[in-house]
file protein_8.cif (mmCIF, C-alpha atoms)
data_entry
loop_
_atom_site.label_atom_id
_atom_site.label_comp_id
_atom_site.auth_asym_id
_atom_site.auth_seq_id
_atom_site.Cartn_x
_atom_site.Cartn_y
_atom_site.Cartn_z
CA MET A 1 14.07 19.37 -59.84
CA LYS A 2 17.23 17.42 -59.14
CA ARG A 3 17.50 18.96 -55.73
CA LEU A 4 14.13 17.53 -54.75
CA ILE A 5 15.39 14.01 -55.25
CA VAL A 6 18.45 14.54 -53.08
CA ALA A 7 16.67 16.26 -50.23
CA PRO A 8 12.95 15.60 -49.85
CA SER A 9 10.67 18.60 -49.64
CA PRO A 10 9.36 19.63 -46.22
CA ALA A 11 5.92 18.43 -47.30
CA ARG A 12 7.17 14.96 -48.09
CA SER A 13 9.24 14.56 -44.93
CA SER A 14 6.30 15.60 -42.77
CA ALA A 15 4.19 12.99 -44.57
CA ARG A 16 6.82 10.40 -43.72
CA VAL A 17 6.81 11.42 -40.06
CA GLY A 18 3.03 11.13 -40.14
CA ILE A 19 3.20 7.58 -41.49
CA GLN A 20 5.79 6.63 -38.88
CA LEU A 21 3.62 8.02 -36.14
CA LEU A 22 0.64 6.12 -37.47
CA LEU A 23 2.66 2.89 -37.58
CA ALA A 24 3.89 3.39 -34.04
CA LEU A 25 0.35 4.05 -32.88
CA LEU A 26 -0.96 0.94 -34.61
CA LEU A 27 1.81 -1.19 -33.10
CA THR A 28 1.07 0.14 -29.62
CA LEU A 29 -2.62 -0.55 -30.04
CA PHE A 30 -1.88 -4.03 -31.30
CA ALA A 31 0.39 -4.74 -28.34
CA ALA A 32 -2.26 -3.51 -25.92
CA GLN A 33 -4.81 -5.70 -27.65
CA THR A 34 -2.74 -8.88 -27.29
CA MET A 35 -2.01 -8.08 -23.66
CA ALA A 36 -5.69 -7.67 -22.93
CA ALA A 37 -6.36 -10.95 -24.68
CA SER A 38 -3.92 -12.88 -22.50
CA GLU A 39 -5.22 -11.23 -19.33
CA ALA A 40 -8.80 -12.25 -19.78
CA GLN A 41 -8.65 -15.63 -21.37
CA VAL A 42 -11.95 -16.63 -19.92
CA ALA A 43 -13.58 -15.58 -23.16
CA LEU A 44 -15.89 -18.10 -24.80
CA GLY A 45 -19.25 -18.70 -23.18
CA ASP A 46 -21.91 -16.06 -23.25
CA GLN A 47 -21.73 -12.57 -21.84
CA ALA A 48 -23.53 -13.30 -18.56
CA VAL A 49 -21.28 -16.27 -17.75
CA GLN A 50 -18.20 -14.22 -18.56
CA GLU A 51 -19.28 -11.41 -16.31
CA ARG A 52 -19.90 -13.75 -13.41
CA VAL A 53 -16.59 -15.55 -13.93
CA LEU A 54 -14.81 -12.21 -13.96
CA LYS A 55 -16.63 -11.05 -10.83
CA LEU A 56 -15.78 -14.30 -9.01
CA SER A 57 -12.18 -14.18 -10.22
CA HIS A 58 -11.78 -10.85 -8.47
CA GLN A 59 -12.93 -12.39 -5.19
CA LEU A 60 -10.64 -15.43 -5.34
CA ARG A 61 -6.95 -15.55 -4.57
CA CYS A 62 -4.26 -16.90 -6.80
CA LEU A 63 -2.45 -19.27 -4.41
CA VAL A 64 0.75 -19.16 -6.43
CA CYS A 65 1.04 -15.38 -6.60
CA GLN A 66 -0.69 -14.56 -3.35
CA GLY A 67 -0.91 -10.82 -3.73
CA GLN A 68 -3.10 -11.17 -6.78
CA SER A 69 -6.61 -12.32 -7.48
CA LEU A 70 -7.40 -14.91 -10.12
CA ALA A 71 -8.54 -12.09 -12.36
CA GLU A 72 -5.27 -10.17 -12.06
CA SER A 73 -2.91 -13.07 -12.42
CA ASP A 74 -1.90 -14.82 -15.59
CA SER A 75 -0.19 -17.76 -13.90
CA GLU A 76 -0.94 -21.31 -14.96
CA PHE A 77 -2.79 -21.83 -11.69
CA SER A 78 -5.04 -18.82 -12.23
CA ARG A 79 -5.79 -19.85 -15.78
CA ASP A 80 -6.81 -23.33 -14.61
CA MET A 81 -8.89 -21.93 -11.80
CA ARG A 82 -10.68 -19.46 -14.05
CA ALA A 83 -11.48 -22.32 -16.40
CA LYS A 84 -12.75 -24.34 -13.43
CA VAL A 85 -14.86 -21.43 -12.19
CA GLN A 86 -16.30 -21.04 -15.65
CA ALA A 87 -17.08 -24.76 -15.84
CA LEU A 88 -18.81 -24.61 -12.44
CA VAL A 89 -20.81 -21.53 -13.43
CA GLU A 90 -21.86 -23.22 -16.65
CA GLN A 91 -22.97 -26.24 -14.62
CA GLY A 92 -25.45 -23.87 -13.02
CA MET A 93 -23.79 -23.28 -9.64
CA ASN A 94 -24.50 -19.95 -8.00
CA ASP A 95 -21.67 -17.74 -6.70
CA ALA A 96 -21.82 -19.11 -3.15
CA GLU A 97 -21.72 -22.70 -4.40
CA VAL A 98 -18.69 -22.00 -6.58
CA LYS A 99 -16.87 -20.46 -3.61
CA ASP A 100 -17.83 -23.36 -1.33
CA TYR A 101 -16.54 -25.81 -3.92
CA LEU A 102 -13.15 -24.11 -3.98
CA VAL A 103 -12.98 -23.57 -0.21
CA GLU A 104 -13.60 -27.29 0.31
CA ARG A 105 -10.47 -28.03 -1.70
CA TYR A 106 -8.17 -25.09 -1.09
CA GLY A 107 -9.35 -23.70 2.25
CA ASP A 108 -10.53 -20.24 3.26
CA PHE A 109 -7.31 -18.73 2.01
CA ILE A 110 -8.61 -18.92 -1.56
CA LEU A 111 -11.15 -16.24 -0.62
CA TYR A 112 -9.88 -12.69 -0.70
CA LYS A 113 -12.41 -11.65 1.92
CA PRO A 114 -11.99 -13.81 5.03
CA PRO A 115 -15.26 -15.51 6.08
CA PHE A 116 -16.93 -14.51 9.33
CA LYS A 117 -16.61 -17.42 11.76
CA PRO A 118 -15.19 -18.17 15.25
CA GLU A 119 -11.62 -18.55 13.97
CA THR A 120 -11.75 -15.12 12.38
CA TYR A 121 -13.70 -13.19 15.05
CA LEU A 122 -10.44 -11.71 16.33
CA LEU A 123 -9.56 -10.57 12.82
CA TRP A 124 -12.93 -8.93 12.24
CA PHE A 125 -13.37 -7.45 15.70
CA THR A 126 -9.85 -6.16 16.36
CA PRO A 127 -10.51 -2.80 14.66
CA LEU A 128 -13.70 -2.40 16.70
CA ILE A 129 -11.91 -3.36 19.91
CA LEU A 130 -9.10 -0.90 19.20
CA PHE A 131 -11.64 1.79 18.42
CA ALA A 132 -13.47 1.11 21.70
CA ILE A 133 -10.21 1.29 23.67
CA GLY A 134 -9.26 4.54 21.95
CA ALA A 135 -12.68 6.06 22.52
CA THR A 136 -12.65 5.09 26.20
CA VAL A 137 -9.20 6.57 26.78
CA LEU A 138 -10.22 9.76 24.99
CA LEU A 139 -13.47 10.11 26.99
CA VAL A 140 -11.77 9.45 30.31
CA ASN A 141 -9.07 12.01 29.54
CA LEU A 142 -11.58 14.62 28.39
CA ARG A 143 -13.64 14.16 31.53
CA ARG A 144 -10.58 14.48 33.74
CA ARG A 145 -9.48 17.59 31.95
CA ARG A 146 -12.91 19.15 32.30
CA GLN A 147 -12.80 18.44 36.03
CA ARG A 148 -9.42 20.09 36.19
CA VAL A 149 -10.63 23.12 34.24
CA VAL A 150 -13.70 23.42 36.44
CA ALA A 151 -11.51 23.13 39.51
CA ALA A 152 -9.16 25.76 38.14
CA GLY A 153 -12.06 28.18 37.54
CA ALA A 154 -13.40 27.83 41.09
CA PRO A 155 -12.54 30.57 43.63
CA LEU A 156 -9.63 29.81 45.92
CA SER A 157 -10.33 28.15 49.23
CA ALA A 158 -9.22 29.86 52.41
CA GLU A 159 -6.32 27.45 52.72
CA GLU A 160 -5.16 28.18 49.17
CA GLU A 161 -5.49 31.89 49.76
CA THR A 162 -3.13 31.84 52.71
CA ARG A 163 -0.68 29.68 50.76
CA VAL A 164 -0.66 32.11 47.86
CA LYS A 165 -0.12 34.98 50.25
CA LYS A 166 2.73 33.22 51.94
CA LEU A 167 4.38 32.43 48.63
CA LEU A 168 4.03 35.99 47.37
CA GLU A 169 5.43 37.37 50.58
CA GLY A 170 8.25 34.89 50.52
CA GLN A 171 9.11 35.95 46.99
CA ALA A 172 9.03 39.59 47.94
CA GLY A 173 11.31 38.77 50.85
CA ASP A 174 13.68 36.97 48.49
CA ASN A 175 13.85 39.95 46.20
CA GLN A 176 14.67 42.26 49.05
CA ALA A 177 17.38 40.01 50.32
CA MET B 1 4.02 2.98 41.58
CA LEU B 2 1.05 2.60 39.25
CA ARG B 3 1.77 5.94 37.62
CA SER B 4 5.30 4.99 36.70
CA LEU B 5 4.10 1.65 35.29
CA LYS B 6 1.75 3.50 32.97
CA PHE B 7 4.69 4.64 30.90
CA LEU B 8 5.60 1.03 30.28
CA ILE B 9 2.33 0.34 28.44
CA PRO B 10 3.49 1.50 24.98
CA PHE B 11 6.69 -0.44 25.46
CA LEU B 12 4.76 -3.59 26.36
CA ILE B 13 2.53 -3.18 23.31
CA PHE B 14 5.65 -2.83 21.23
CA VAL B 15 7.10 -6.03 22.71
CA VAL B 16 3.92 -8.00 22.00
CA LEU B 17 3.78 -6.77 18.40
CA ALA B 18 7.48 -7.42 17.90
CA VAL B 19 7.04 -11.04 19.05
CA PHE B 20 4.17 -11.57 16.61
CA PHE B 21 6.01 -9.96 13.71
CA TRP B 22 9.19 -11.87 14.50
CA GLN B 23 7.24 -15.13 14.40
CA GLY B 24 5.60 -14.04 11.17
CA LEU B 25 9.02 -13.72 9.58
CA SER B 26 9.67 -17.41 10.00
CA LEU B 27 6.30 -18.49 8.60
CA ASN B 28 6.19 -19.62 5.01
CA PRO B 29 3.29 -17.84 3.32
CA SER B 30 3.22 -20.35 0.49
CA THR B 31 2.19 -23.19 2.80
CA VAL B 32 -1.54 -22.86 2.98
CA PRO B 33 -3.13 -25.27 5.47
CA SER B 34 -5.15 -27.83 3.57
CA PRO B 35 -8.82 -28.26 4.44
CA LEU B 36 -8.51 -31.88 3.31
CA ILE B 37 -6.62 -33.04 6.40
CA ASP B 38 -8.69 -35.66 8.25
CA LYS B 39 -11.14 -35.86 5.35
CA ALA B 40 -11.59 -38.74 2.95
CA ALA B 41 -9.22 -38.63 0.01
CA PRO B 42 -11.30 -37.31 -2.92
CA ALA B 43 -12.36 -40.14 -5.19
CA PHE B 44 -11.12 -40.28 -8.75
CA SER B 45 -10.67 -42.78 -11.48
CA LEU B 46 -7.73 -42.12 -13.75
CA PRO B 47 -5.80 -44.16 -16.29
CA GLN B 48 -2.38 -45.36 -15.20
CA LEU B 49 0.61 -43.63 -16.70
CA HIS B 50 2.29 -46.76 -18.00
CA GLU B 51 -0.82 -48.80 -18.72
CA PRO B 52 -3.53 -46.44 -19.98
CA ASP B 53 -6.15 -49.19 -20.09
CA LYS B 54 -5.76 -49.81 -16.35
CA VAL B 55 -7.46 -47.48 -13.91
CA ILE B 56 -6.28 -46.17 -10.55
CA THR B 57 -8.82 -45.27 -7.91
CA PRO B 58 -8.11 -44.49 -4.23
CA ALA B 59 -10.81 -46.92 -3.04
CA ASP B 60 -8.65 -49.81 -4.32
CA LEU B 61 -5.88 -48.72 -1.94
CA ASN B 62 -7.99 -48.87 1.21
CA GLY B 63 -6.62 -51.12 3.91
CA GLN B 64 -3.07 -49.83 3.63
CA VAL B 65 -1.25 -46.65 4.51
CA TRP B 66 -0.03 -45.02 1.32
CA MET B 67 1.63 -41.88 0.09
CA PHE B 68 0.28 -39.87 -2.78
CA ASN B 69 2.86 -37.73 -4.53
CA VAL B 70 1.91 -35.13 -7.13
CA TRP B 71 4.64 -34.77 -9.74
CA ALA B 72 5.34 -33.75 -13.32
CA SER B 73 8.27 -33.94 -15.69
CA TRP B 74 8.15 -30.15 -16.12
CA CYS B 75 8.42 -29.60 -12.37
CA VAL B 76 11.92 -28.58 -11.33
CA SER B 77 11.48 -29.14 -7.59
CA CYS B 78 10.32 -32.69 -8.32
CA ARG B 79 13.89 -33.52 -9.37
CA GLN B 80 15.06 -32.20 -6.05
CA GLU B 81 12.87 -34.57 -4.03
CA HIS B 82 13.19 -37.50 -6.39
CA PRO B 83 16.23 -39.17 -4.77
CA VAL B 84 14.45 -39.01 -1.41
CA LEU B 85 11.42 -40.78 -2.85
CA MET B 86 13.63 -43.36 -4.59
CA GLN B 87 15.31 -44.15 -1.30
CA LEU B 88 11.99 -44.40 0.52
CA ALA B 89 10.60 -46.71 -2.15
CA LYS B 90 13.62 -48.99 -1.70
CA THR B 91 12.97 -49.34 2.04
CA GLY B 92 9.40 -50.42 1.30
CA VAL B 93 8.09 -48.70 4.43
CA VAL B 94 5.15 -47.17 2.61
CA PRO B 95 3.94 -47.56 -0.97
CA ILE B 96 4.11 -44.34 -3.01
CA TYR B 97 1.49 -43.69 -5.63
CA GLY B 98 2.01 -40.84 -8.04
CA LEU B 99 -0.28 -38.29 -9.59
CA ASN B 100 1.29 -37.27 -12.84
CA TYR B 101 -0.09 -33.75 -13.05
CA LYS B 102 -0.72 -31.97 -16.37
CA ASP B 103 2.06 -33.73 -18.16
CA ALA B 104 2.62 -35.32 -21.55
CA ARG B 105 2.62 -39.11 -21.28
CA GLU B 106 5.87 -39.64 -23.22
CA ASP B 107 7.65 -36.92 -21.23
CA ALA B 108 6.55 -38.44 -17.94
CA ILE B 109 7.58 -41.97 -18.90
CA ARG B 110 10.94 -40.75 -20.17
CA TRP B 111 11.45 -38.78 -16.95
CA LEU B 112 10.91 -41.92 -14.86
CA GLN B 113 13.24 -43.92 -17.09
CA GLN B 114 15.91 -41.31 -16.62
CA PHE B 115 15.62 -40.73 -12.86
CA GLY B 116 14.06 -43.99 -11.67
CA ASN B 117 10.49 -44.84 -10.76
CA PRO B 118 9.65 -44.80 -7.04
CA TYR B 119 5.92 -45.21 -7.67
CA VAL B 120 3.91 -48.38 -7.42
CA ALA B 121 1.83 -46.71 -10.10
CA SER B 122 1.11 -43.20 -11.30
CA ALA B 123 -2.30 -41.82 -12.19
CA PHE B 124 -2.29 -39.75 -15.34
CA ASP B 125 -4.09 -36.44 -14.80
CA LEU B 126 -3.76 -34.61 -18.08
CA GLU B 127 -6.42 -31.97 -17.40
CA GLY B 128 -5.43 -31.37 -13.79
CA GLN B 129 -9.00 -31.97 -12.62
CA VAL B 130 -7.98 -34.42 -9.92
CA GLY B 131 -5.32 -31.91 -8.95
CA ILE B 132 -8.04 -29.34 -8.29
CA ASP B 133 -9.99 -31.87 -6.19
CA TYR B 134 -6.89 -32.39 -4.08
CA GLY B 135 -6.25 -28.68 -3.76
CA VAL B 136 -2.97 -28.86 -5.66
CA TYR B 137 -1.42 -25.47 -6.39
CA GLY B 138 2.28 -26.07 -6.20
CA VAL B 139 3.83 -29.26 -7.49
CA PRO B 140 5.30 -31.29 -5.85
CA GLU B 141 2.79 -32.04 -3.11
CA THR B 142 2.66 -35.14 -0.97
CA TYR B 143 -0.25 -36.65 0.95
CA VAL B 144 -0.29 -39.42 3.54
CA VAL B 145 -3.49 -41.48 3.44
CA ASP B 146 -4.46 -43.91 6.18
CA ARG B 147 -6.04 -47.37 5.96
CA ALA B 148 -9.55 -45.97 5.90
CA GLY B 149 -8.73 -43.71 2.97
CA VAL B 150 -8.53 -40.53 5.06
CA ILE B 151 -5.87 -37.91 4.31
CA ARG B 152 -3.72 -37.50 7.42
CA HIS B 153 -0.96 -35.24 6.24
CA LYS B 154 -0.08 -32.95 3.38
CA HIS B 155 3.32 -31.57 2.53
CA ILE B 156 3.64 -28.79 -0.03
CA GLY B 157 6.90 -28.49 -1.88
CA PRO B 158 9.76 -30.92 -2.29
CA VAL B 159 10.20 -33.63 0.36
CA SER B 160 13.68 -33.40 1.82
CA GLN B 161 15.40 -36.11 3.85
CA GLU B 162 14.71 -34.06 7.00
CA ILE B 163 11.03 -33.58 6.25
CA LEU B 164 10.71 -37.28 5.48
CA GLN B 165 12.39 -38.33 8.73
CA ASN B 166 10.88 -35.73 11.05
CA GLU B 167 7.48 -35.08 9.56
CA ILE B 168 6.23 -37.78 7.24
CA LEU B 169 7.66 -41.06 8.52
CA PRO B 170 6.54 -40.51 12.15
CA ILE B 171 2.98 -40.07 10.87
CA VAL B 172 3.28 -43.15 8.64
CA ARG B 173 4.56 -45.20 11.56
CA LYS B 174 1.78 -44.01 13.82
CA LEU B 175 -0.85 -44.82 11.20
CA LYS B 176 0.60 -48.26 10.63
CA GLY B 177 0.34 -48.83 14.38
#

call {"tool": "encode", "arguments": {"input": "protein_8.cif", "output": "structure tokens"}}
result
Amino acid sequence: MKRLIVAPSPARSSARVGIQLLLALLLTLFAAQTMAASEAQVALGDQAVQERVLKLSHQLRCLVCQGQSLAESDSEFSRDMRAKVQALVEQGMNDAEVKDYLVERYGDFILYKPPFKPETYLLWFTPLILFAIGATVLLVNLRRRRQRVVAAGAPLSAEEETRVKKLLEGQAGDNQA
Amino acid sequence: MLRSLKFLIPFLIFVVLAVFFWQGLSLNPSTVPSPLIDKAAPAFSLPQLHEPDKVITPADLNGQVWMFNVWASWCVSCRQEHPVLMQLAKTGVVPIYGLNYKDAREDAIRWLQQFGNPYVASAFDLEGQVGIDYGVYGVPETYVVDRAGVIRHKHIGPVSQEILQNEILPIVRKLKG
């Protein structure tokens, strides 16, 4: 009996490990929970408003941390902007109106997807232009090659025949020499 | 002749791209062009920092060229530009109005006591709503407004002596005629 007090039985030590594991798991879950809470602080408001704010936040750029959308960023700026977007949505603005409101103040750069207008035609059309150039070059090359292949398959002209003969004879002559 | 030039095409494409990329290196991605340039300064009506019962509104400033400087006591770069603003205020070339952005009133007043007050008056924007109307995303920001109340210039980031002399003052002088 005394021995049990000094060294815990296998059963007891495994129970302890179990409790430790459980604690660790709970702590991890708790940490994840608080992180999620700080990421989406839009909260409040009803479900529909929240969903729209979240959707819009994904389409708007955080101007302070430019690689991130408002939804991804937890900067002061993004928090303010999400609150503003929520306020605008609650005022009854539709998605396009909210975006226009922000573009008026911050410029097109606030939009993740650049708008389609004369200044951005080059941006939108460049891939198409490059594709057209590539396709043209490819077609021209293919056509040329086909012409070459067709030409190669055709029987030799009289002129070519004599040239081949000459060359072959010349070679034979070289070998003999 | 033409055939040999063909091999230069990839090289020329490379040169064009290299020029664009090289230029891109010297651009500052955090300066987003403001859509407010050449538009009327957004109206607001905010209490003054020092005298909360008095109200500042841009319409009252019509008829003069003025500078609008967004600042806060928590803003580190504001300390950097502060001596430049102090010096400018002393010359009296252009009146500087401040927008105290998302600050605590006591902190802001203490900050001005400590470093000096270059502002004719500061508007107190606790919620940052006026900041959003002006497209503020990085304090400090500085606007130049003409006699008709139209924004003519915006500088994002601290105003250095060079920027003041080469960028802002020429515009102020032109607007003053």

call {"tool": "resolve_selection", "arguments": {"input": "protein_8.cif", "expression": "the PyMOL selection byres ((chain A) within 10 of (chain B))", "output": "PyMOL selection string"}}
result
chain A and resi 62-66+76-78+80-81+84+101-110

call {"tool": "resolve_selection", "arguments": {"input": "protein_8.cif", "expression": "the PyMOL selection byres ((chain B and resi 125) around 9)", "output": "list in words"}}
result
Leu46, Pro47, Leu49, Leu99, Asn100, Tyr101, Lys102, Asp103, Ala123, Phe124, Leu126, Glu127, Gly128, Gln129, Val130 and Gly131 of chain B

call {"tool": "atom_distance", "arguments": {"input": "protein_8.cif", "atom1": "CA of His58 (chain A)", "atom2": "CA of Lys99 (chain A)"}}
result
11.9 Å

call {"tool": "resolve_selection", "arguments": {"input": "protein_8.cif", "expression": "the PyMOL selection byres ((chain B and resi 120) around 9)", "output": "list in words"}}
result
Ala89, Pro95, Ile96, Tyr97, Gly98, Asn117, Pro118, Tyr119, Ala121 and Ser122 of chain B

call {"tool": "closest_atom_pairs", "arguments": {"input": "protein_8.cif", "of": "region 114-142 of chain B", "to": "region 157-174 of chain B", "cutoff": "9 Å", "atoms": "only C-alpha atoms", "output": "tab-separated table"}}
result
residue	atom	partner	partner_atom	distance
B:Gly138	CA	B:Gly157	CA	6.8
B:Val139	CA	B:Gly157	CA	6.4
B:Pro140	CA	B:Gly157	CA	5.1
B:Glu141	CA	B:Gly157	CA	5.6
B:Thr142	CA	B:Val159	CA	7.8

call {"tool": "write_last_selection", "arguments": {"input": "protein_8.cif", "atoms": "C-alpha atoms", "output": "compact mmCIF listing (two decimals), keeping the file's coordinate frame"}}
result
# COMPACT_ATOMS: atom_id res chain seq x y z
CA GLY B 138 2.28 -26.07 -6.20
CA VAL B 139 3.83 -29.26 -7.49
CA PRO B 140 5.30 -31.29 -5.85
CA GLU B 141 2.79 -32.04 -3.11
CA THR B 142 2.66 -35.14 -0.97

call {"tool": "atom_distance", "arguments": {"input": "protein_8.cif", "atom1": "CA of Leu27 (chain B)", "atom2": "CA of Gln87 (chain B)"}}
result
28.9 Å

call {"tool": "atom_distance", "arguments": {"input": "protein_8.cif", "atom1": "CA of Leu167 (chain A)", "atom2": "CA of Arg144 (chain A)"}}
result
27.7 Å
